[in-house]
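Undergrad: Got a file for you: run-v5.cif, mmCIF, C-alpha atoms.
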```cif
data_structure
loop_
_atom_site.label_atom_id
_atom_site.label_comp_id
_atom_site.auth_asym_id
_atom_site.auth_seq_id
_atom_site.Cartn_x
_atom_site.Cartn_y
_atom_site.Cartn_z
CA MET F 1 101.61 77.05 96.47
CA LEU F 2 99.97 77.07 93.03
CA THR F 3 96.50 77.01 94.59
CA ASP F 4 97.33 79.95 96.85
CA GLY F 5 98.84 81.80 93.89
CA ALA F 6 95.68 81.29 91.83
CA ALA F 7 93.52 82.41 94.76
CA LEU F 8 95.73 85.48 95.16
CA ALA F 9 95.28 86.38 91.48
CA ALA F 10 91.50 85.99 91.77
CA PHE F 11 91.33 88.11 94.93
CA LEU F 12 93.51 90.79 93.37
CA VAL F 13 90.93 91.19 90.63
CA LEU F 14 88.08 91.08 93.16
CA MET F 15 89.85 93.63 95.35
CA ILE F 16 90.05 96.08 92.44
CA TRP F 17 86.41 95.65 91.36
CA ALA F 18 84.67 95.20 94.71
CA ASN F 19 83.24 98.03 96.73
CA ARG F 20 84.21 96.41 100.05
CA LEU F 21 87.13 96.33 102.44
CA TRP F 22 87.20 92.60 103.17
CA PRO F 23 88.81 91.67 99.80
CA ILE F 24 91.74 93.92 100.72
CA ALA F 25 92.22 92.03 104.00
CA MET F 26 91.83 88.68 102.23
CA THR F 27 94.39 89.63 99.57
CA SER F 28 96.84 90.74 102.25
CA LEU F 29 96.49 87.46 104.09
CA LEU F 30 96.98 85.51 100.86
CA ILE F 31 100.17 87.46 100.18
CA LEU F 32 101.44 86.50 103.64
CA GLN F 33 100.51 82.86 103.08
CA LEU F 34 102.24 82.80 99.69
CA ALA F 35 105.32 84.40 101.29
CA GLY F 36 105.42 81.44 103.70
CA HIS F 37 105.45 79.03 100.79
CA LEU F 38 108.23 81.02 99.14
CA LEU F 39 110.27 80.89 102.36
CA LYS F 40 109.96 77.09 102.39
CA LEU F 41 110.94 76.97 98.71
CA LEU F 42 114.04 79.09 99.35
CA ASP F 43 115.05 77.21 102.50
CA PRO F 44 113.83 73.57 102.57
CA THR F 45 115.38 73.13 106.04
CA LEU F 46 113.03 75.77 107.47
CA TYR F 47 111.90 74.93 110.99
CA PRO F 48 108.64 72.97 110.58
CA PHE F 49 106.73 74.97 113.20
CA LEU F 50 107.55 78.21 111.41
CA TYR F 51 106.31 76.80 108.13
CA TRP F 52 103.15 75.54 109.84
CA VAL F 53 102.48 79.02 111.20
CA THR F 54 103.06 80.73 107.86
CA ALA F 55 101.06 78.13 105.90
CA THR F 56 98.03 77.58 108.17
CA VAL F 57 97.45 80.42 110.62
CA TRP F 58 96.62 82.85 107.82
CA GLY F 59 93.97 80.42 106.57
CA TYR F 60 92.05 80.70 109.84
CA LEU F 61 92.20 84.48 109.64
CA MET F 62 90.94 84.31 106.04
CA LEU F 63 87.93 82.30 107.24
CA ALA F 64 87.24 84.97 109.86
CA VAL F 65 87.48 87.73 107.24
CA LEU F 66 85.15 85.86 104.88
CA ALA F 67 82.66 85.17 107.69
CA SER F 68 82.63 88.82 108.77
CA GLY F 69 82.22 89.99 105.16
CA THR F 70 79.27 87.62 104.73
CA TRP F 71 77.70 88.75 108.00
CA LEU F 72 78.04 92.43 107.05
CA HIS F 73 76.55 91.72 103.62
CA ARG F 74 73.53 89.99 105.19
CA ARG F 75 73.12 92.89 107.63
CA ARG F 76 73.14 95.44 104.77
CA LEU F 77 70.55 93.36 102.90
CA ARG F 78 68.29 93.28 105.96
CA SER F 79 68.56 96.99 106.64
CA HIS F 80 68.48 98.37 103.06
CA GLY F 81 66.96 95.59 100.99
CA TYR F 82 69.86 95.73 98.51
CA ASP F 83 73.63 95.76 98.56
CA ASN F 84 75.70 97.29 95.75
CA ALA F 85 78.70 94.99 95.54
CA TRP F 86 80.60 96.74 92.78
CA SER F 87 82.10 100.17 92.60
CA LYS F 88 80.07 102.73 90.66
CA SER F 89 83.23 103.72 88.78
CA TRP F 90 82.90 100.55 86.70
CA HIS F 91 79.52 101.56 85.27
CA ARG F 92 79.63 103.49 82.03
CA THR F 93 77.87 106.82 82.06
CA PRO F 94 76.01 107.95 78.97
CA PRO F 95 77.74 110.70 77.00
CA SER F 96 76.58 114.17 77.90
CA ASP F 97 74.55 116.15 75.39
CA PRO F 98 76.62 119.19 74.35
CA GLY F 99 73.43 121.07 73.40
CA SER F 100 71.95 121.07 76.91
#
```
Using the file provided, produce a representation of the structure as structure tokens.
TA:
Amino acid sequence: MLTDGAALAAFLVLMIWANRLWPIAMTSLLILQLAGHLLKLLDPTLYPFLYWVTATVWGYLMLAVLASGTWLHRRRLRSHGYDNAWSKSWHRTPPSDPGS
């Protein structure tokens, strides 16, 4: 649960900074996985199959999201030669010259 929580915190930051959609999907899946851990914490008698589904199925979907994000990145590199990974809103613009 702590590992998934740390991964969620890292992907939340990445989701805000990145200029891609896959971190949003990854963060959503991590939230679902963490919710499964919280369910088990709240009810230790939770049916084992239900906990297995909530704790592992999302991991396979996360691998698929990461693989598709990597594939799309490689495709953009091949077609454009570069791939801007970060949002342009994070770059500082020089102050405008009031005299011009």
Undergrad: Measure the distance from CA of Asn84 (chain F) to CA of Tyr60 (chain F) in Å and round it to one decimal.
TA: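 CA of Tyr60 (chain F) lies at a distance of 27.2 Å from CA of Asn84 (chain F).
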Undergrad: On this structure, the PyMOL selection byres ((chain F and resi 31) around 12) would catch which residues? List them as JSON, numbers by chain, sorted by chain and number.
TA: {"F": [1, 4, 5, 6, 7, 8, 9, 11, 12, 24, 25, 26, 27, 28, 29, 30, 32, 33, 34, 35, 36, 37, 38, 54, 55, 58, 59, 62]}
Undergrad: Between F:Trp17, F:Thr56, F:Tyr47, F:Trp22, which residue has the minimum interatomic distance to Trp71 (chain F), considering only C-alpha atoms?
TA: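 The shortest atom-to-atom distance to Trp71 (chain F) comes from F:Trp22.
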Undergrad: Please indicate the distance in Å from CA of Arg78 (chain F) to CA of Val65 (chain F), rounded to one decimal place.
TA: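 Going from CA of Arg78 (chain F) over to CA of Val65 (chain F) covers 20.0 Å.
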Undergrad: Which residues, written as a PyMOL selection string, have at least one atom at most 12 Å from Arg20 (chain F), with only C-alpha atoms counted and residues fewer than 3 positions away on the same chain left out?
TA: chain F and resi 14-17+23-26+65-66+68-70+72-73+83-87
Undergrad: How many Å separate CA of Val53 (chain F) from CA of Leu39 (chain F)?
TA: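 Pair CA of Val53 (chain F) / CA of Leu39 (chain F) returns 11.9 Å.
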Undergrad: Complete the atom set of region 3-27 of chain F to N, CA, C and O atoms and return it as a PDB file, keeping the file's coordinate frame.
TA:
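Here's the written file result26.pdb:
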```pdb
ATOM      1  N   THR F   3      97.888  76.703  94.225  1.00  0.00           N
ATOM      2  CA  THR F   3      96.500  77.010  94.590  1.00  0.00           C
ATOM      3  C   THR F   3      96.413  78.377  95.255  1.00  0.00           C
ATOM      4  O   THR F   3      95.522  79.182  94.944  1.00  0.00           O
ATOM      5  N   ASP F   4      97.317  78.644  96.181  1.00  0.00           N
ATOM      6  CA  ASP F   4      97.330  79.950  96.850  1.00  0.00           C
ATOM      7  C   ASP F   4      97.657  81.068  95.873  1.00  0.00           C
ATOM      8  O   ASP F   4      97.126  82.172  95.980  1.00  0.00           O
ATOM      9  N   GLY F   5      98.520  80.800  94.904  1.00  0.00           N
ATOM     10  CA  GLY F   5      98.840  81.800  93.890  1.00  0.00           C
ATOM     11  C   GLY F   5      97.638  82.115  93.009  1.00  0.00           C
ATOM     12  O   GLY F   5      97.379  83.280  92.682  1.00  0.00           O
ATOM     13  N   ALA F   6      96.885  81.071  92.639  1.00  0.00           N
ATOM     14  CA  ALA F   6      95.680  81.290  91.830  1.00  0.00           C
ATOM     15  C   ALA F   6      94.621  82.046  92.638  1.00  0.00           C
ATOM     16  O   ALA F   6      93.944  82.941  92.115  1.00  0.00           O
ATOM     17  N   ALA F   7      94.476  81.694  93.911  1.00  0.00           N
ATOM     18  CA  ALA F   7      93.520  82.410  94.760  1.00  0.00           C
ATOM     19  C   ALA F   7      93.938  83.868  94.920  1.00  0.00           C
ATOM     20  O   ALA F   7      93.092  84.771  94.913  1.00  0.00           O
ATOM     21  N   LEU F   8      95.234  84.109  95.043  1.00  0.00           N
ATOM     22  CA  LEU F   8      95.730  85.480  95.160  1.00  0.00           C
ATOM     23  C   LEU F   8      95.399  86.275  93.898  1.00  0.00           C
ATOM     24  O   LEU F   8      94.938  87.421  93.980  1.00  0.00           O
ATOM     25  N   ALA F   9      95.596  85.679  92.738  1.00  0.00           N
ATOM     26  CA  ALA F   9      95.280  86.380  91.480  1.00  0.00           C
ATOM     27  C   ALA F   9      93.794  86.703  91.406  1.00  0.00           C
ATOM     28  O   ALA F   9      93.405  87.816  91.019  1.00  0.00           O
ATOM     29  N   ALA F  10      92.949  85.759  91.805  1.00  0.00           N
ATOM     30  CA  ALA F  10      91.500  85.990  91.770  1.00  0.00           C
ATOM     31  C   ALA F  10      91.103  87.093  92.754  1.00  0.00           C
ATOM     32  O   ALA F  10      90.280  87.960  92.434  1.00  0.00           O
ATOM     33  N   PHE F  11      91.681  87.086  93.941  1.00  0.00           N
ATOM     34  CA  PHE F  11      91.330  88.110  94.930  1.00  0.00           C
ATOM     35  C   PHE F  11      91.910  89.468  94.579  1.00  0.00           C
ATOM     36  O   PHE F  11      91.359  90.490  94.983  1.00  0.00           O
ATOM     37  N   LEU F  12      93.003  89.499  93.847  1.00  0.00           N
ATOM     38  CA  LEU F  12      93.510  90.790  93.370  1.00  0.00           C
ATOM     39  C   LEU F  12      92.507  91.456  92.435  1.00  0.00           C
ATOM     40  O   LEU F  12      92.240  92.659  92.540  1.00  0.00           O
ATOM     41  N   VAL F  13      91.943  90.657  91.539  1.00  0.00           N
ATOM     42  CA  VAL F  13      90.930  91.190  90.630  1.00  0.00           C
ATOM     43  C   VAL F  13      89.688  91.609  91.414  1.00  0.00           C
ATOM     44  O   VAL F  13      89.141  92.698  91.213  1.00  0.00           O
ATOM     45  N   LEU F  14      89.245  90.760  92.335  1.00  0.00           N
ATOM     46  CA  LEU F  14      88.080  91.080  93.160  1.00  0.00           C
ATOM     47  C   LEU F  14      88.325  92.326  93.997  1.00  0.00           C
ATOM     48  O   LEU F  14      87.435  93.172  94.139  1.00  0.00           O
ATOM     49  N   MET F  15      89.515  92.471  94.521  1.00  0.00           N
ATOM     50  CA  MET F  15      89.850  93.630  95.350  1.00  0.00           C
ATOM     51  C   MET F  15      89.729  94.928  94.549  1.00  0.00           C
ATOM     52  O   MET F  15      89.259  95.947  95.053  1.00  0.00           O
ATOM     53  N   ILE F  16      90.115  94.879  93.279  1.00  0.00           N
ATOM     54  CA  ILE F  16      90.050  96.080  92.440  1.00  0.00           C
ATOM     55  C   ILE F  16      88.598  96.418  92.102  1.00  0.00           C
ATOM     56  O   ILE F  16      88.206  97.577  92.126  1.00  0.00           O
ATOM     57  N   TRP F  17      87.781  95.411  91.801  1.00  0.00           N
ATOM     58  CA  TRP F  17      86.410  95.650  91.360  1.00  0.00           C
ATOM     59  C   TRP F  17      85.427  95.860  92.500  1.00  0.00           C
ATOM     60  O   TRP F  17      84.449  96.585  92.349  1.00  0.00           O
ATOM     61  N   ALA F  18      85.658  95.202  93.628  1.00  0.00           N
ATOM     62  CA  ALA F  18      84.670  95.200  94.710  1.00  0.00           C
ATOM     63  C   ALA F  18      84.627  96.543  95.437  1.00  0.00           C
ATOM     64  O   ALA F  18      85.610  97.272  95.492  1.00  0.00           O
ATOM     65  N   ASN F  19      83.472  96.804  95.981  1.00  0.00           N
ATOM     66  CA  ASN F  19      83.240  98.030  96.730  1.00  0.00           C
ATOM     67  C   ASN F  19      83.232  97.705  98.228  1.00  0.00           C
ATOM     68  O   ASN F  19      82.375  98.187  98.961  1.00  0.00           O
ATOM     69  N   ARG F  20      84.142  96.873  98.657  1.00  0.00           N
ATOM     70  CA  ARG F  20      84.210  96.410 100.050  1.00  0.00           C
ATOM     71  C   ARG F  20      85.646  96.415 100.534  1.00  0.00           C
ATOM     72  O   ARG F  20      86.588  96.406  99.742  1.00  0.00           O
ATOM     73  N   LEU F  21      85.789  96.356 101.852  1.00  0.00           N
ATOM     74  CA  LEU F  21      87.130  96.330 102.440  1.00  0.00           C
ATOM     75  C   LEU F  21      87.644  94.906 102.674  1.00  0.00           C
ATOM     76  O   LEU F  21      88.852  94.688 102.702  1.00  0.00           O
ATOM     77  N   TRP F  22      86.735  93.935 102.840  1.00  0.00           N
ATOM     78  CA  TRP F  22      87.200  92.600 103.170  1.00  0.00           C
ATOM     79  C   TRP F  22      88.078  91.970 102.088  1.00  0.00           C
ATOM     80  O   TRP F  22      88.989  91.194 102.419  1.00  0.00           O
ATOM     81  N   PRO F  23      87.876  92.252 100.780  1.00  0.00           N
ATOM     82  CA  PRO F  23      88.810  91.670  99.800  1.00  0.00           C
ATOM     83  C   PRO F  23      90.239  92.190  99.960  1.00  0.00           C
ATOM     84  O   PRO F  23      91.195  91.484  99.637  1.00  0.00           O
ATOM     85  N   ILE F  24      90.395  93.407 100.480  1.00  0.00           N
ATOM     86  CA  ILE F  24      91.740  93.920 100.720  1.00  0.00           C
ATOM     87  C   ILE F  24      92.417  93.108 101.823  1.00  0.00           C
ATOM     88  O   ILE F  24      93.577  92.701 101.697  1.00  0.00           O
ATOM     89  N   ALA F  25      91.673  92.842 102.904  1.00  0.00           N
ATOM     90  CA  ALA F  25      92.220  92.030 104.000  1.00  0.00           C
ATOM     91  C   ALA F  25      92.522  90.612 103.527  1.00  0.00           C
ATOM     92  O   ALA F  25      93.572  90.042 103.858  1.00  0.00           O
ATOM     93  N   MET F  26      91.619  90.047 102.736  1.00  0.00           N
ATOM     94  CA  MET F  26      91.830  88.680 102.230  1.00  0.00           C
ATOM     95  C   MET F  26      93.058  88.614 101.333  1.00  0.00           C
ATOM     96  O   MET F  26      93.862  87.683 101.440  1.00  0.00           O
ATOM     97  N   THR F  27      93.225  89.601 100.462  1.00  0.00           N
ATOM     98  CA  THR F  27      94.390  89.630  99.570  1.00  0.00           C
ATOM     99  C   THR F  27      95.678  89.760 100.374  1.00  0.00           C
ATOM    100  O   THR F  27      96.666  89.089 100.077  1.00  0.00           O
TER     101      THR F  27
END
```
